[in-house]
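Colleague: My structure file work18.pdb, PDB, C-alpha atoms, is below:
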```pdb
MODEL        1
ATOM      1  CA  MET A   1    -111.892-118.049 103.456
ATOM      2  CA  SER A   2    -111.595-121.817 103.481
ATOM      3  CA  THR A   3    -113.003-122.729 100.100
ATOM      4  CA  GLY A   4    -109.857-124.371  98.827
ATOM      5  CA  TRP A   5    -108.736-121.378  96.753
ATOM      6  CA  GLY A   6    -105.997-120.510  99.224
ATOM      7  CA  PRO A   7    -103.556-123.086  97.839
ATOM      8  CA  VAL A   8    -104.122-121.731  94.313
ATOM      9  CA  LEU A   9    -102.950-118.306  95.432
ATOM     10  CA  LEU A  10     -99.927-119.837  97.149
ATOM     11  CA  VAL A  11     -98.986-121.870  94.075
ATOM     12  CA  ALA A  12     -99.406-118.695  92.004
ATOM     13  CA  ALA A  13     -97.042-116.822  94.356
ATOM     14  CA  VAL A  14     -94.450-119.631  94.306
ATOM     15  CA  LEU A  15     -94.502-119.909  90.497
ATOM     16  CA  ALA A  16     -94.276-116.116  90.228
ATOM     17  CA  GLY A  17     -91.195-116.303  92.463
ATOM     18  CA  LEU A  18     -89.555-118.882  90.200
ATOM     19  CA  GLN A  19     -90.277-116.700  87.165
ATOM     20  CA  ALA A  20     -88.958-113.554  88.839
ATOM     21  CA  GLY A  21     -85.751-115.275  89.971
ATOM     22  CA  THR A  22     -85.200-116.765  86.526
ATOM     23  CA  TYR A  23     -85.262-113.430  84.678
ATOM     24  CA  TYR A  24     -83.448-111.703  87.512
ATOM     25  CA  THR A  25     -80.470-114.078  87.230
ATOM     26  CA  TRP A  26     -80.361-113.612  83.444
ATOM     27  CA  ALA A  27     -80.362-109.841  84.015
ATOM     28  CA  THR A  28     -77.805-109.709  86.828
ATOM     29  CA  GLY A  29     -75.617-112.785  86.239
ATOM     30  CA  VAL A  30     -75.928-114.650  82.970
ATOM     31  CA  MET A  31     -76.048-111.837  80.383
ATOM     32  CA  PRO A  32     -73.500-109.550  82.130
ATOM     33  CA  GLY A  33     -71.228-112.625  82.325
ATOM     34  CA  LEU A  34     -71.721-113.627  78.695
ATOM     35  CA  ALA A  35     -71.081-109.997  77.674
ATOM     36  CA  ARG A  36     -67.425-110.608  78.552
ATOM     37  CA  THR A  37     -67.033-113.714  76.429
ATOM     38  CA  ASP A  38     -65.879-113.888  72.790
ATOM     39  CA  ASP A  39     -68.440-114.125  69.974
ATOM     40  CA  ARG A  40     -68.123-117.864  69.458
ATOM     41  CA  THR A  41     -68.556-118.679  73.156
ATOM     42  CA  PHE A  42     -71.443-116.226  73.421
ATOM     43  CA  VAL A  43     -73.388-117.585  70.447
ATOM     44  CA  HIS A  44     -72.713-121.214  71.329
ATOM     45  CA  ALA A  45     -73.708-120.775  74.997
ATOM     46  CA  ILE A  46     -76.912-118.920  74.058
ATOM     47  CA  GLN A  47     -77.827-121.542  71.456
ATOM     48  CA  GLN A  48     -77.385-124.366  73.959
ATOM     49  CA  MET A  49     -79.289-122.596  76.741
ATOM     50  CA  SER A  50     -82.120-121.722  74.316
ATOM     51  CA  ILE A  51     -82.466-125.422  73.580
ATOM     52  CA  ALA A  52     -82.132-126.394  77.251
ATOM     53  CA  ILE A  53     -84.770-123.938  78.467
ATOM     54  CA  VAL A  54     -87.557-125.775  76.651
ATOM     55  CA  ASN A  55     -87.948-128.366  79.404
ATOM     56  CA  PRO A  56     -90.954-129.464  81.498
ATOM     57  CA  ALA A  57     -89.808-127.731  84.704
ATOM     58  CA  PHE A  58     -89.304-124.357  83.068
ATOM     59  CA  MET A  59     -92.472-124.648  80.962
ATOM     60  CA  LEU A  60     -94.445-125.447  84.108
ATOM     61  CA  SER A  61     -93.304-122.205  85.752
ATOM     62  CA  PHE A  62     -93.556-120.201  82.511
ATOM     63  CA  LEU A  63     -97.127-121.215  81.642
ATOM     64  CA  GLY A  64     -98.212-122.052  85.185
ATOM     65  CA  ALA A  65     -97.413-118.592  86.594
ATOM     66  CA  PRO A  66    -100.054-116.683  84.533
ATOM     67  CA  LEU A  67    -102.548-119.578  84.684
ATOM     68  CA  PHE A  68    -102.456-119.883  88.467
ATOM     69  CA  ALA A  69    -102.413-116.103  88.895
ATOM     70  CA  GLY A  70    -105.563-115.901  86.751
ATOM     71  CA  ALA A  71    -107.224-118.708  88.689
ATOM     72  CA  ALA A  72    -106.308-116.986  91.960
ATOM     73  CA  ILE A  73    -108.412-113.955  90.977
ATOM     74  CA  ALA A  74    -111.540-116.088  91.157
ATOM     75  CA  GLY A  75    -110.820-117.240  94.670
ATOM     76  CA  ALA A  76    -109.367-114.093  96.171
ATOM     77  CA  GLU A  77    -111.157-112.287  98.975
ATOM     78  CA  PRO A  78    -112.544-108.902  97.895
ATOM     79  CA  SER A  79    -109.745-107.116  99.776
ATOM     80  CA  ALA A  80    -107.106-109.188  97.970
ATOM     81  CA  ARG A  81    -108.713-109.308  94.535
ATOM     82  CA  PRO A  82    -107.232-106.081  93.092
ATOM     83  CA  TRP A  83    -103.758-107.395  93.969
ATOM     84  CA  ALA A  84    -104.483-110.774  92.390
ATOM     85  CA  ILE A  85    -105.712-109.000  89.246
ATOM     86  CA  ALA A  86    -102.576-106.849  89.113
ATOM     87  CA  GLY A  87    -100.401-109.931  89.679
ATOM     88  CA  ALA A  88    -102.156-111.848  86.919
ATOM     89  CA  ALA A  89    -101.883-108.901  84.502
ATOM     90  CA  LEU A  90     -98.149-108.606  85.155
ATOM     91  CA  ALA A  91     -97.706-112.386  84.772
ATOM     92  CA  VAL A  92     -99.498-112.253  81.412
ATOM     93  CA  GLY A  93     -97.300-109.273  80.493
ATOM     94  CA  THR A  94     -94.196-111.346  81.294
ATOM     95  CA  LEU A  95     -95.452-114.125  79.026
ATOM     96  CA  MET A  96     -96.199-111.694  76.203
ATOM     97  CA  ILE A  97     -92.840-109.916  76.369
ATOM     98  CA  THR A  98     -91.210-113.342  76.168
ATOM     99  CA  ALA A  99     -93.395-114.488  73.279
ATOM    100  CA  ILE A 100     -93.050-111.287  71.266
ATOM    101  CA  GLY A 101     -89.498-110.345  72.215
ATOM    102  CA  ASN A 102     -87.231-113.073  73.531
ATOM    103  CA  ILE A 103     -88.477-116.221  71.805
ATOM    104  CA  PRO A 104     -88.175-114.866  68.227
ATOM    105  CA  LEU A 105     -84.593-113.799  69.035
ATOM    106  CA  ASN A 106     -83.864-117.264  70.480
ATOM    107  CA  ASN A 107     -85.279-118.851  67.321
ATOM    108  CA  GLN A 108     -83.187-116.551  65.173
ATOM    109  CA  ILE A 109     -79.916-117.388  66.931
ATOM    110  CA  GLU A 110     -80.718-121.111  66.816
ATOM    111  CA  ALA A 111     -81.509-120.806  63.107
ATOM    112  CA  ALA A 112     -78.010-119.430  62.510
ATOM    113  CA  GLY A 113     -77.035-123.113  62.485
ATOM    114  CA  PRO A 114     -74.329-125.259  64.075
ATOM    115  CA  ILE A 115     -71.637-123.105  65.659
ATOM    116  CA  ASP A 116     -68.876-124.308  63.299
ATOM    117  CA  SER A 117     -70.923-123.376  60.241
ATOM    118  CA  ILE A 118     -71.563-119.739  61.196
ATOM    119  CA  ALA A 119     -69.451-117.428  59.047
ATOM    120  CA  ASP A 120     -70.136-114.135  60.788
ATOM    121  CA  LEU A 121     -70.438-114.799  64.517
ATOM    122  CA  SER A 122     -70.170-111.134  65.378
ATOM    123  CA  SER A 123     -73.249-110.116  63.369
ATOM    124  CA  VAL A 124     -75.275-113.065  64.756
ATOM    125  CA  ARG A 125     -74.352-111.886  68.233
ATOM    126  CA  ASN A 126     -75.064-108.229  67.501
ATOM    127  CA  ARG A 127     -78.534-108.948  66.129
ATOM    128  CA  PHE A 128     -79.332-110.758  69.378
ATOM    129  CA  GLU A 129     -77.590-109.368  72.412
ATOM    130  CA  SER A 130     -78.765-105.813  73.128
ATOM    131  CA  ARG A 131     -82.382-106.430  72.071
ATOM    132  CA  TRP A 132     -82.637-109.635  74.097
ATOM    133  CA  VAL A 133     -81.129-107.927  77.151
ATOM    134  CA  ALA A 134     -83.693-105.085  76.847
ATOM    135  CA  PHE A 135     -86.650-107.505  76.604
ATOM    136  CA  ASN A 136     -85.266-109.487  79.541
ATOM    137  CA  MET A 137     -84.947-106.335  81.618
ATOM    138  CA  ALA A 138     -88.591-105.519  80.894
ATOM    139  CA  ARG A 139     -89.817-108.985  81.930
ATOM    140  CA  SER A 140     -87.589-108.902  85.030
ATOM    141  CA  PHE A 141     -89.644-105.946  86.219
ATOM    142  CA  THR A 142     -93.032-107.395  85.231
ATOM    143  CA  SER A 143     -92.246-110.771  86.849
ATOM    144  CA  LEU A 144     -90.930-109.149  90.025
ATOM    145  CA  GLY A 145     -94.072-106.992  90.145
ATOM    146  CA  ALA A 146     -96.265-110.058  89.611
ATOM    147  CA  MET A 147     -94.632-111.848  92.530
ATOM    148  CA  ALA A 148     -94.933-108.812  94.808
ATOM    149  CA  CYS A 149     -98.655-108.406  93.994
ATOM    150  CA  LEU A 150     -99.405-112.108  94.493
ATOM    151  CA  VAL A 151     -97.473-112.244  97.761
ATOM    152  CA  TRP A 152     -99.488-109.284  98.969
ATOM    153  CA  ALA A 153    -102.725-110.870  97.751
ATOM    154  CA  ALA A 154    -101.885-114.108  99.575
ATOM    155  CA  TYR A 155    -101.174-112.139 102.724
ATOM    156  CA  ARG A 156    -104.492-110.291 102.557
ATOM    157  CA  ALA A 157    -106.607-113.226 101.457
TER     158      ALA A 157
ATOM    159  CA  MET B   1     -92.690-104.666 117.319
ATOM    160  CA  SER B   2     -95.340-102.958 115.255
ATOM    161  CA  SER B   3     -97.481-104.955 112.904
ATOM    162  CA  ALA B   4     -96.233-102.849 109.969
ATOM    163  CA  VAL B   5     -92.668-104.000 110.654
ATOM    164  CA  ARG B   6     -93.763-107.645 110.905
ATOM    165  CA  LYS B   7     -95.683-107.287 107.674
ATOM    166  CA  ALA B   8     -92.720-105.681 105.889
ATOM    167  CA  LEU B   9     -90.312-108.367 107.101
ATOM    168  CA  LEU B  10     -92.677-111.135 105.997
ATOM    169  CA  ALA B  11     -93.080-109.543 102.559
ATOM    170  CA  ALA B  12     -89.302-108.992 102.239
ATOM    171  CA  GLY B  13     -88.579-112.567 103.339
ATOM    172  CA  THR B  14     -91.038-114.000 100.819
ATOM    173  CA  THR B  15     -89.789-111.850  97.946
ATOM    174  CA  THR B  16     -86.105-112.559  98.522
ATOM    175  CA  ALA B  17     -86.758-116.283  99.077
ATOM    176  CA  GLY B  18     -88.690-116.236  95.785
ATOM    177  CA  LEU B  19     -85.834-114.582  93.904
ATOM    178  CA  THR B  20     -83.226-116.949  95.327
ATOM    179  CA  ALA B  21     -85.356-120.021  94.582
ATOM    180  CA  GLY B  22     -85.950-118.748  91.034
ATOM    181  CA  VAL B  23     -82.250-118.046  90.477
ATOM    182  CA  PHE B  24     -81.233-121.558  91.592
ATOM    183  CA  PHE B  25     -84.144-123.090  89.673
ATOM    184  CA  ASP B  26     -82.998-121.386  86.454
ATOM    185  CA  TRP B  27     -79.406-122.568  86.877
ATOM    186  CA  GLN B  28     -80.704-126.062  87.639
ATOM    187  CA  VAL B  29     -83.046-126.468  84.676
ATOM    188  CA  THR B  30     -81.551-124.159  82.031
ATOM    189  CA  VAL B  31     -78.083-122.687  82.544
ATOM    190  CA  MET B  32     -76.126-125.803  83.563
ATOM    191  CA  PRO B  33     -77.948-128.148  81.132
ATOM    192  CA  GLY B  34     -77.107-125.638  78.388
ATOM    193  CA  LEU B  35     -73.458-125.238  79.384
ATOM    194  CA  GLU B  36     -73.135-129.028  79.610
ATOM    195  CA  GLU B  37     -73.185-129.136  75.799
ATOM    196  CA  LEU B  38     -70.186-126.795  75.407
ATOM    197  CA  PRO B  39     -66.632-128.052  74.800
ATOM    198  CA  ASP B  40     -64.266-127.803  77.792
ATOM    199  CA  ALA B  41     -62.622-124.457  76.991
ATOM    200  CA  GLU B  42     -65.970-122.748  76.283
ATOM    201  CA  PHE B  43     -67.563-124.347  79.335
ATOM    202  CA  ILE B  44     -64.791-123.088  81.620
ATOM    203  CA  ALA B  45     -64.648-119.613  80.049
ATOM    204  CA  THR B  46     -68.446-119.230  80.241
ATOM    205  CA  PHE B  47     -68.762-120.463  83.804
ATOM    206  CA  GLN B  48     -65.903-118.216  84.935
ATOM    207  CA  ALA B  49     -67.553-115.188  83.299
ATOM    208  CA  LEU B  50     -70.987-115.982  84.767
ATOM    209  CA  ASP B  51     -69.519-116.602  88.199
ATOM    210  CA  ARG B  52     -67.703-113.258  88.183
ATOM    211  CA  ALA B  53     -70.852-111.457  87.042
ATOM    212  CA  ALA B  54     -73.065-113.205  89.613
ATOM    213  CA  MET B  55     -70.785-111.864  92.369
ATOM    214  CA  ASN B  56     -72.550-108.500  92.253
ATOM    215  CA  PRO B  57     -73.966-106.636  95.235
ATOM    216  CA  LEU B  58     -77.511-106.793  93.834
ATOM    217  CA  PHE B  59     -77.635-110.587  93.910
ATOM    218  CA  ILE B  60     -75.265-111.436  96.766
ATOM    219  CA  GLY B  61     -76.418-108.611  99.017
ATOM    220  CA  GLY B  62     -79.994-108.111  97.839
ATOM    221  CA  ALA B  63     -81.399-111.531  97.143
ATOM    222  CA  PHE B  64     -79.063-114.164  98.537
ATOM    223  CA  MET B  65     -77.879-112.796 101.888
ATOM    224  CA  GLY B  66     -80.873-110.436 102.065
ATOM    225  CA  GLY B  67     -83.075-113.533 102.043
ATOM    226  CA  ALA B  68     -81.239-115.031 105.017
ATOM    227  CA  VAL B  69     -81.365-111.796 106.998
ATOM    228  CA  SER B  70     -85.009-110.971 106.262
ATOM    229  CA  LEU B  71     -86.252-114.535 106.902
ATOM    230  CA  VAL B  72     -84.456-114.772 110.241
ATOM    231  CA  ALA B  73     -85.638-111.274 111.183
ATOM    232  CA  ALA B  74     -89.217-112.151 110.190
ATOM    233  CA  THR B  75     -88.986-115.309 112.310
ATOM    234  CA  VAL B  76     -87.855-113.353 115.364
ATOM    235  CA  ALA B  77     -90.511-110.699 114.743
ATOM    236  CA  HIS B  78     -93.272-113.333 114.736
ATOM    237  CA  ARG B  79     -92.105-115.104 117.880
ATOM    238  CA  HIS B  80     -95.460-114.413 119.566
ATOM    239  CA  GLU B  81     -97.516-115.821 116.675
ATOM    240  CA  PRO B  82     -97.055-119.596 116.933
ATOM    241  CA  ALA B  83     -98.633-120.547 113.580
ATOM    242  CA  ARG B  84     -96.491-118.133 111.543
ATOM    243  CA  LEU B  85     -93.469-118.780 113.745
ATOM    244  CA  ARG B  86     -93.457-122.487 112.875
ATOM    245  CA  HIS B  87     -93.484-121.865 109.136
ATOM    246  CA  LEU B  88     -90.996-119.024 109.310
ATOM    247  CA  ALA B  89     -88.544-120.959 111.486
ATOM    248  CA  ALA B  90     -88.703-123.882 109.057
ATOM    249  CA  ALA B  91     -88.339-121.532 106.064
ATOM    250  CA  SER B  92     -85.280-119.889 107.672
ATOM    251  CA  ALA B  93     -83.718-123.255 108.470
ATOM    252  CA  ALA B  94     -84.202-124.489 104.892
ATOM    253  CA  TYR B  95     -82.805-121.242 103.512
ATOM    254  CA  LEU B  96     -79.743-121.439 105.765
ATOM    255  CA  VAL B  97     -79.094-124.992 104.537
ATOM    256  CA  GLY B  98     -78.863-123.479 101.039
ATOM    257  CA  VAL B  99     -76.496-120.764 102.263
ATOM    258  CA  GLY B 100     -74.351-123.389 104.025
ATOM    259  CA  VAL B 101     -74.165-125.609 100.927
ATOM    260  CA  THR B 102     -73.212-122.571  98.848
ATOM    261  CA  LEU B 103     -70.453-121.376 101.162
ATOM    262  CA  ALA B 104     -69.044-124.816 101.961
ATOM    263  CA  GLY B 105     -69.603-126.439  98.584
ATOM    264  CA  ASN B 106     -70.206-124.307  95.519
ATOM    265  CA  VAL B 107     -68.006-121.320  96.342
ATOM    266  CA  PRO B 108     -64.818-123.385  96.886
ATOM    267  CA  LEU B 109     -65.484-125.176  93.571
ATOM    268  CA  ASN B 110     -66.047-121.822  91.826
ATOM    269  CA  GLU B 111     -62.771-120.539  93.229
ATOM    270  CA  LYS B 112     -60.864-123.617  92.108
ATOM    271  CA  LEU B 113     -62.269-123.347  88.565
ATOM    272  CA  ALA B 114     -61.473-119.618  88.501
ATOM    273  CA  GLU B 115     -57.761-120.494  88.775
ATOM    274  CA  VAL B 116     -57.797-122.291  85.419
ATOM    275  CA  SER B 117     -56.448-120.150  82.578
ATOM    276  CA  VAL B 118     -58.229-121.075  79.369
ATOM    277  CA  ALA B 119     -55.491-119.280  77.405
ATOM    278  CA  THR B 120     -52.601-121.344  78.767
ATOM    279  CA  ALA B 121     -54.022-124.637  80.085
ATOM    280  CA  SER B 122     -53.619-127.775  77.974
ATOM    281  CA  PRO B 123     -56.733-129.602  76.705
ATOM    282  CA  ALA B 124     -56.012-132.404  79.193
ATOM    283  CA  GLU B 125     -55.761-129.941  82.083
ATOM    284  CA  MET B 126     -59.060-128.327  81.072
ATOM    285  CA  ALA B 127     -60.766-131.699  80.765
ATOM    286  CA  THR B 128     -59.602-132.636  84.267
ATOM    287  CA  ALA B 129     -60.581-129.261  85.730
ATOM    288  CA  ARG B 130     -64.052-129.571  84.233
ATOM    289  CA  MET B 131     -64.485-133.144  85.419
ATOM    290  CA  ASP B 132     -63.481-132.189  88.975
ATOM    291  CA  PHE B 133     -65.954-129.309  88.884
ATOM    292  CA  GLU B 134     -69.109-130.039  86.930
ATOM    293  CA  GLY B 135     -70.534-133.178  88.608
ATOM    294  CA  PRO B 136     -69.883-132.143  92.228
ATOM    295  CA  TRP B 137     -71.107-128.580  91.566
ATOM    296  CA  ARG B 138     -74.356-129.785  90.040
ATOM    297  CA  ALA B 139     -74.967-132.253  92.883
ATOM    298  CA  LEU B 140     -74.487-129.459  95.432
ATOM    299  CA  HIS B 141     -76.609-127.132  93.334
ATOM    300  CA  LEU B 142     -79.498-129.599  93.318
ATOM    301  CA  VAL B 143     -79.382-129.633  97.127
ATOM    302  CA  ARG B 144     -79.452-125.851  97.449
ATOM    303  CA  THR B 145     -82.183-125.546  94.813
ATOM    304  CA  ALA B 146     -84.349-127.973  96.790
ATOM    305  CA  ALA B 147     -83.570-126.087 100.015
ATOM    306  CA  ALA B 148     -84.450-122.703  98.471
ATOM    307  CA  LEU B 149     -87.627-124.055  96.906
ATOM    308  CA  GLY B 150     -88.627-125.585 100.245
ATOM    309  CA  SER B 151     -87.936-122.277 101.945
ATOM    310  CA  LEU B 152     -90.115-120.415  99.426
ATOM    311  CA  VAL B 153     -93.026-122.830  99.924
ATOM    312  CA  LEU B 154     -92.720-122.570 103.721
ATOM    313  CA  VAL B 155     -92.592-118.779 103.790
ATOM    314  CA  SER B 156     -95.606-118.710 101.435
ATOM    315  CA  LEU B 157     -97.482-120.896 103.904
ATOM    316  CA  ALA B 158     -96.548-118.422 106.625
ATOM    317  CA  LEU B 159     -98.303-115.689 104.615
ATOM    318  CA  ARG B 160    -101.591-117.471 105.051
ATOM    319  CA  SER B 161    -101.174-119.064 108.449
ATOM    320  CA  ARG B 162    -103.178-117.287 111.122
ATOM    321  CA  ASP B 163    -103.233-117.815 114.819
ATOM    322  CA  THR B 164    -106.671-118.409 116.257
ATOM    323  CA  THR B 165    -106.655-115.067 118.043
ATOM    324  CA  THR B 166    -106.041-113.098 114.860
ATOM    325  CA  GLN B 167    -108.261-115.428 112.849
ATOM    326  CA  LEU B 168    -111.295-114.446 114.889
ATOM    327  CA  LEU B 169    -110.796-110.741 114.344
ATOM    328  CA  PRO B 170    -111.985-110.327 110.736
ATOM    329  CA  SER B 171    -115.633-111.311 110.837
ATOM    330  CA  THR B 172    -115.738-113.770 107.972
ATOM    331  CA  SER B 173    -119.210-114.931 108.998
ATOM    332  CA  LYS B 174    -120.675-111.673 107.705
ATOM    333  CA  SER B 175    -119.703-112.434 104.123
ATOM    334  CA  SER B 176    -121.333-115.862 104.062
ATOM    335  CA  PRO B 177    -124.759-115.921 102.451
TER     336      PRO B 177
ENDMDL
END
```
Will you turn the file into structure tokens for me?

Modeller:
Amino acid sequence: MSTGWGPVLLVAAVLAGLQAGTYYTWATGVMPGLARTDDRTFVHAIQQMSIAIVNPAFMLSFLGAPLFAGAAIAGAEPSARPWAIAGAALAVGTLMITAIGNIPLNNQIEAAGPIDSIADLSSVRNRFESRWVAFNMARSFTSLGAMACLVWAAYRA
Amino acid sequence: MSSAVRKALLAAGTTTAGLTAGVFFDWQVTVMPGLEELPDAEFIATFQALDRAAMNPLFIGGAFMGGAVSLVAATVAHRHEPARLRHLAAASAAYLVGVGVTLAGNVPLNEKLAEVSVATASPAEMATARMDFEGPWRALHLVRTAAALGSLVLVSLALRSRDTTTQLLPSTSKSSP
């Protein structure tokens, strides 16, 4: 097929890769590392990274991954289309887990206020940590699955 | 070399390159900009903890070194397919630049920072240790992020590059109206 849809599928696969790697490093590096820090360091680091993550580069990969995966369905060859559909569904799933699970927890820990004003750091941490880690684990799998499906779709297209 | 093996190596190379690029991308745009805002003692304690945790077999063996091995293996496996070979060789080269920068640049800085004891170091010593670390580490990290991203784009292009011989096999003309 040379209708110009090929690049869309490739961009979808690349953005899916960036998403998968992002959640993978939070699952295997960042959160296991922060687990060993004291409550103040944990809460402060999470607050600052929650602020930092709302940046154009991350938002481009976060919103672009499901958008390009969806667009890729339209252009995929019949033999690749089921894989593009699966990839897009998993990319949308990643977005929804984040929107329903991780973002409200990020907002909550930011709303706890400036680090020096938090009276009970341990309870702020406890309300956040295990639930956030579980949601992140879920989106690590959906984002990895999305990338795998889109890579396979690109290969077959 | 069977086509199933070539296919598997290409898929493995793309997936691992994707994970590595995403990991570096996240540290570039989120983790380090977030840690930048922390005071020296918290910055050092957090980075040390993250560095120790990142040294796990799943990342180092699976994604990071696995990417190098599977990309090089995929390149060798496609040596008789010039179009894919070009993209895969370039993807491997870019990836290995990232590995080189990591081993020669970031790892020595990580090791030097790991020697700082947050419990016993003076504020001045921590300030110096952070200053010697943060700027150089982030400059090196930008280089390896660009290299990994370039590698991911190149291996993605290899997915879709076809040599003329294989291109003629699927009869695409049938599907045109």

Colleague: In Å, rounded to a single decimal, give me how far CA of Ala65 in chain A is from CA of Gly93 in chain A.

Modeller: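 So the answer is 11.1 Å.
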
Colleague: Taking only C-alpha atoms into account, what are the residues of chain A at most 6 Å from chain B, put as a VMD selection string?

Modeller: chain A and resid 17 to 18 21 to 22 25 29 to 30 32 to 33 41 48 to 49 52 to 53 155

Colleague: If we count all atoms listed in the file and set the cut-off at 10 Å, which residues sit around Ser130 in chain A, ignoring sequence neighbours fewer than 6 positions away in its own chain? Please answer as a VMD selection string.

Modeller: chain A and resid 31 35 136

Colleague: Excluding same-chain residues fewer than 2 positions from Ala76 in chain A, what lies within 10 Å of it counting all atoms listed in the file, as a list in words?

Modeller: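 Listed by chain and then number, they are Met1, Trp5, Gly6, Val8, Leu9, Ala71, Ala72, Ile73, Ala74, Pro78, Ser79, Ala80, Arg81, Pro82, Trp83, Ala84, Ile85, Ala153, Ala154, Arg156 and Ala157 of chain A.
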
Colleague: Compile the contact shell of Pro136 in chain B as a list in words: residues with an atom at most 9 Å away, counting only C-alpha atoms, same-chain residues fewer than 6 positions apart removed.

Modeller: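 What passes the distance filter is Gly105, Asn106 and Leu109 of chain B.
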
Colleague: Quick one: residues within 7 Å of Ala13 in chain A, all atoms listed in the file, excluding same-chain residues fewer than 6 positions away - as a PDB file with C-alpha atoms, in the frame of the given file?

Modeller:
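The result, written out as around.pdb:
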```
ATOM      1  CA  MET A 147     -94.632-111.848  92.530  1.00  0.00           C
ATOM      2  CA  LEU A 150     -99.405-112.108  94.493  1.00  0.00           C
ATOM      3  CA  VAL A 151     -97.473-112.244  97.761  1.00  0.00           C
TER       4      VAL A 151
END
```

Colleague: In Å, rounded to a single decimal, give me how far CA of Ala27 in chain A is from CA of Asn107 in chain A.

Modeller: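 Going from CA of Asn107 in chain A over to CA of Ala27 in chain A, I get 19.6 Å.
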
Colleague: Translate the PyMOL selection byres ((chain B and resi 113) around 10) into a concrete residue list for this structure, as an mmCIF file with C-alpha atoms, in the frame of the given file.

Modeller:
```cif
data_model
loop_
_atom_site.group_PDB
_atom_site.id
_atom_site.type_symbol
_atom_site.label_atom_id
_atom_site.label_comp_id
_atom_site.auth_asym_id
_atom_site.auth_seq_id
_atom_site.Cartn_x
_atom_site.Cartn_y
_atom_site.Cartn_z
ATOM 1 C CA ILE B 44 -64.791 -123.088 81.620
ATOM 2 C CA ALA B 45 -64.648 -119.613 80.049
ATOM 3 C CA PHE B 47 -68.762 -120.463 83.804
ATOM 4 C CA GLN B 48 -65.903 -118.216 84.935
ATOM 5 C CA ASP B 51 -69.519 -116.602 88.199
ATOM 6 C CA VAL B 107 -68.006 -121.320 96.342
ATOM 7 C CA PRO B 108 -64.818 -123.385 96.886
ATOM 8 C CA LEU B 109 -65.484 -125.176 93.571
ATOM 9 C CA ASN B 110 -66.047 -121.822 91.826
ATOM 10 C CA GLU B 111 -62.771 -120.539 93.229
ATOM 11 C CA LYS B 112 -60.864 -123.617 92.108
ATOM 12 C CA ALA B 114 -61.473 -119.618 88.501
ATOM 13 C CA GLU B 115 -57.761 -120.494 88.775
ATOM 14 C CA VAL B 116 -57.797 -122.291 85.419
ATOM 15 C CA SER B 117 -56.448 -120.150 82.578
ATOM 16 C CA MET B 126 -59.060 -128.327 81.072
ATOM 17 C CA ALA B 129 -60.581 -129.261 85.730
ATOM 18 C CA ARG B 130 -64.052 -129.571 84.233
ATOM 19 C CA ASP B 132 -63.481 -132.189 88.975
ATOM 20 C CA PHE B 133 -65.954 -129.309 88.884
ATOM 21 C CA GLU B 134 -69.109 -130.039 86.930
#
```

Colleague: Provide the CA of Asn102 in chain A to CA of Asp38 in chain A distance in Å, to one decimal place.

Modeller: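 CA of Asp38 in chain A lies 21.4 Å from CA of Asn102 in chain A.
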
Colleague: Evaluate the PyMOL selection byres ((chain B and resi 140) around 10) against this structure - the residues, as a list in words, please.

Modeller: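 In the shown coordinates, the PyMOL selection byres ((chain B and resi 140) around 10) covers Gly98, Val101, Thr102, Ala104, Gly105, Asn106, Gly135, Pro136, Trp137, Arg138, Ala139, His141, Leu142, Val143, Arg144 and Thr145 of chain B.
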
Colleague: Please provide as a list in words all residues within 8 Å of range 82-90 of chain B, with the sequence filter that same-chain residues fewer than 3 positions apart are discarded (counting only C-alpha atoms).

Modeller: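 So, after excluding close chain neighbours, the residues are Leu71, Val72, Ala74, Thr75, Val76, His78, Arg79, Ala93, Ala94, Ser151, Leu154, Val155, Leu157, Ala158, Leu159, Ser161, Arg162 and Asp163 of chain B.
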
Colleague: Give the answer as one residue: which of B:Ser70, B:Ala146, B:Phe64, B:Ala8 has the shortest atom-to-atom distance to Leu103 in chain B, using all atoms listed in the file?

Modeller: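 Selected residue with least distance to Leu103 in chain B: B:Phe64.
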
Colleague: Counting only C-alpha atoms, which residue out of A:Tyr23, A:Leu34, A:Val54, A:Ala89 sits closest to Gly70 in chain A?

Modeller: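 That would be A:Ala89, the residue with the smallest distance to Gly70 in chain A.
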
Colleague: So which residues get picked by the PyMOL selection byres ((chain A and resi 142) around 10) here, written as a list in words?

Modeller: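 Against this file, the PyMOL selection byres ((chain A and resi 142) around 10) returns the residues Gln19, Ala20, Tyr23, Gly87, Ala89, Leu90, Ala91, Val92, Gly93, Thr94, Leu95, Ile97, Asn136, Met137, Ala138, Arg139, Ser140, Phe141, Ser143, Leu144, Gly145, Ala146, Met147 and Ala148 of chain A.
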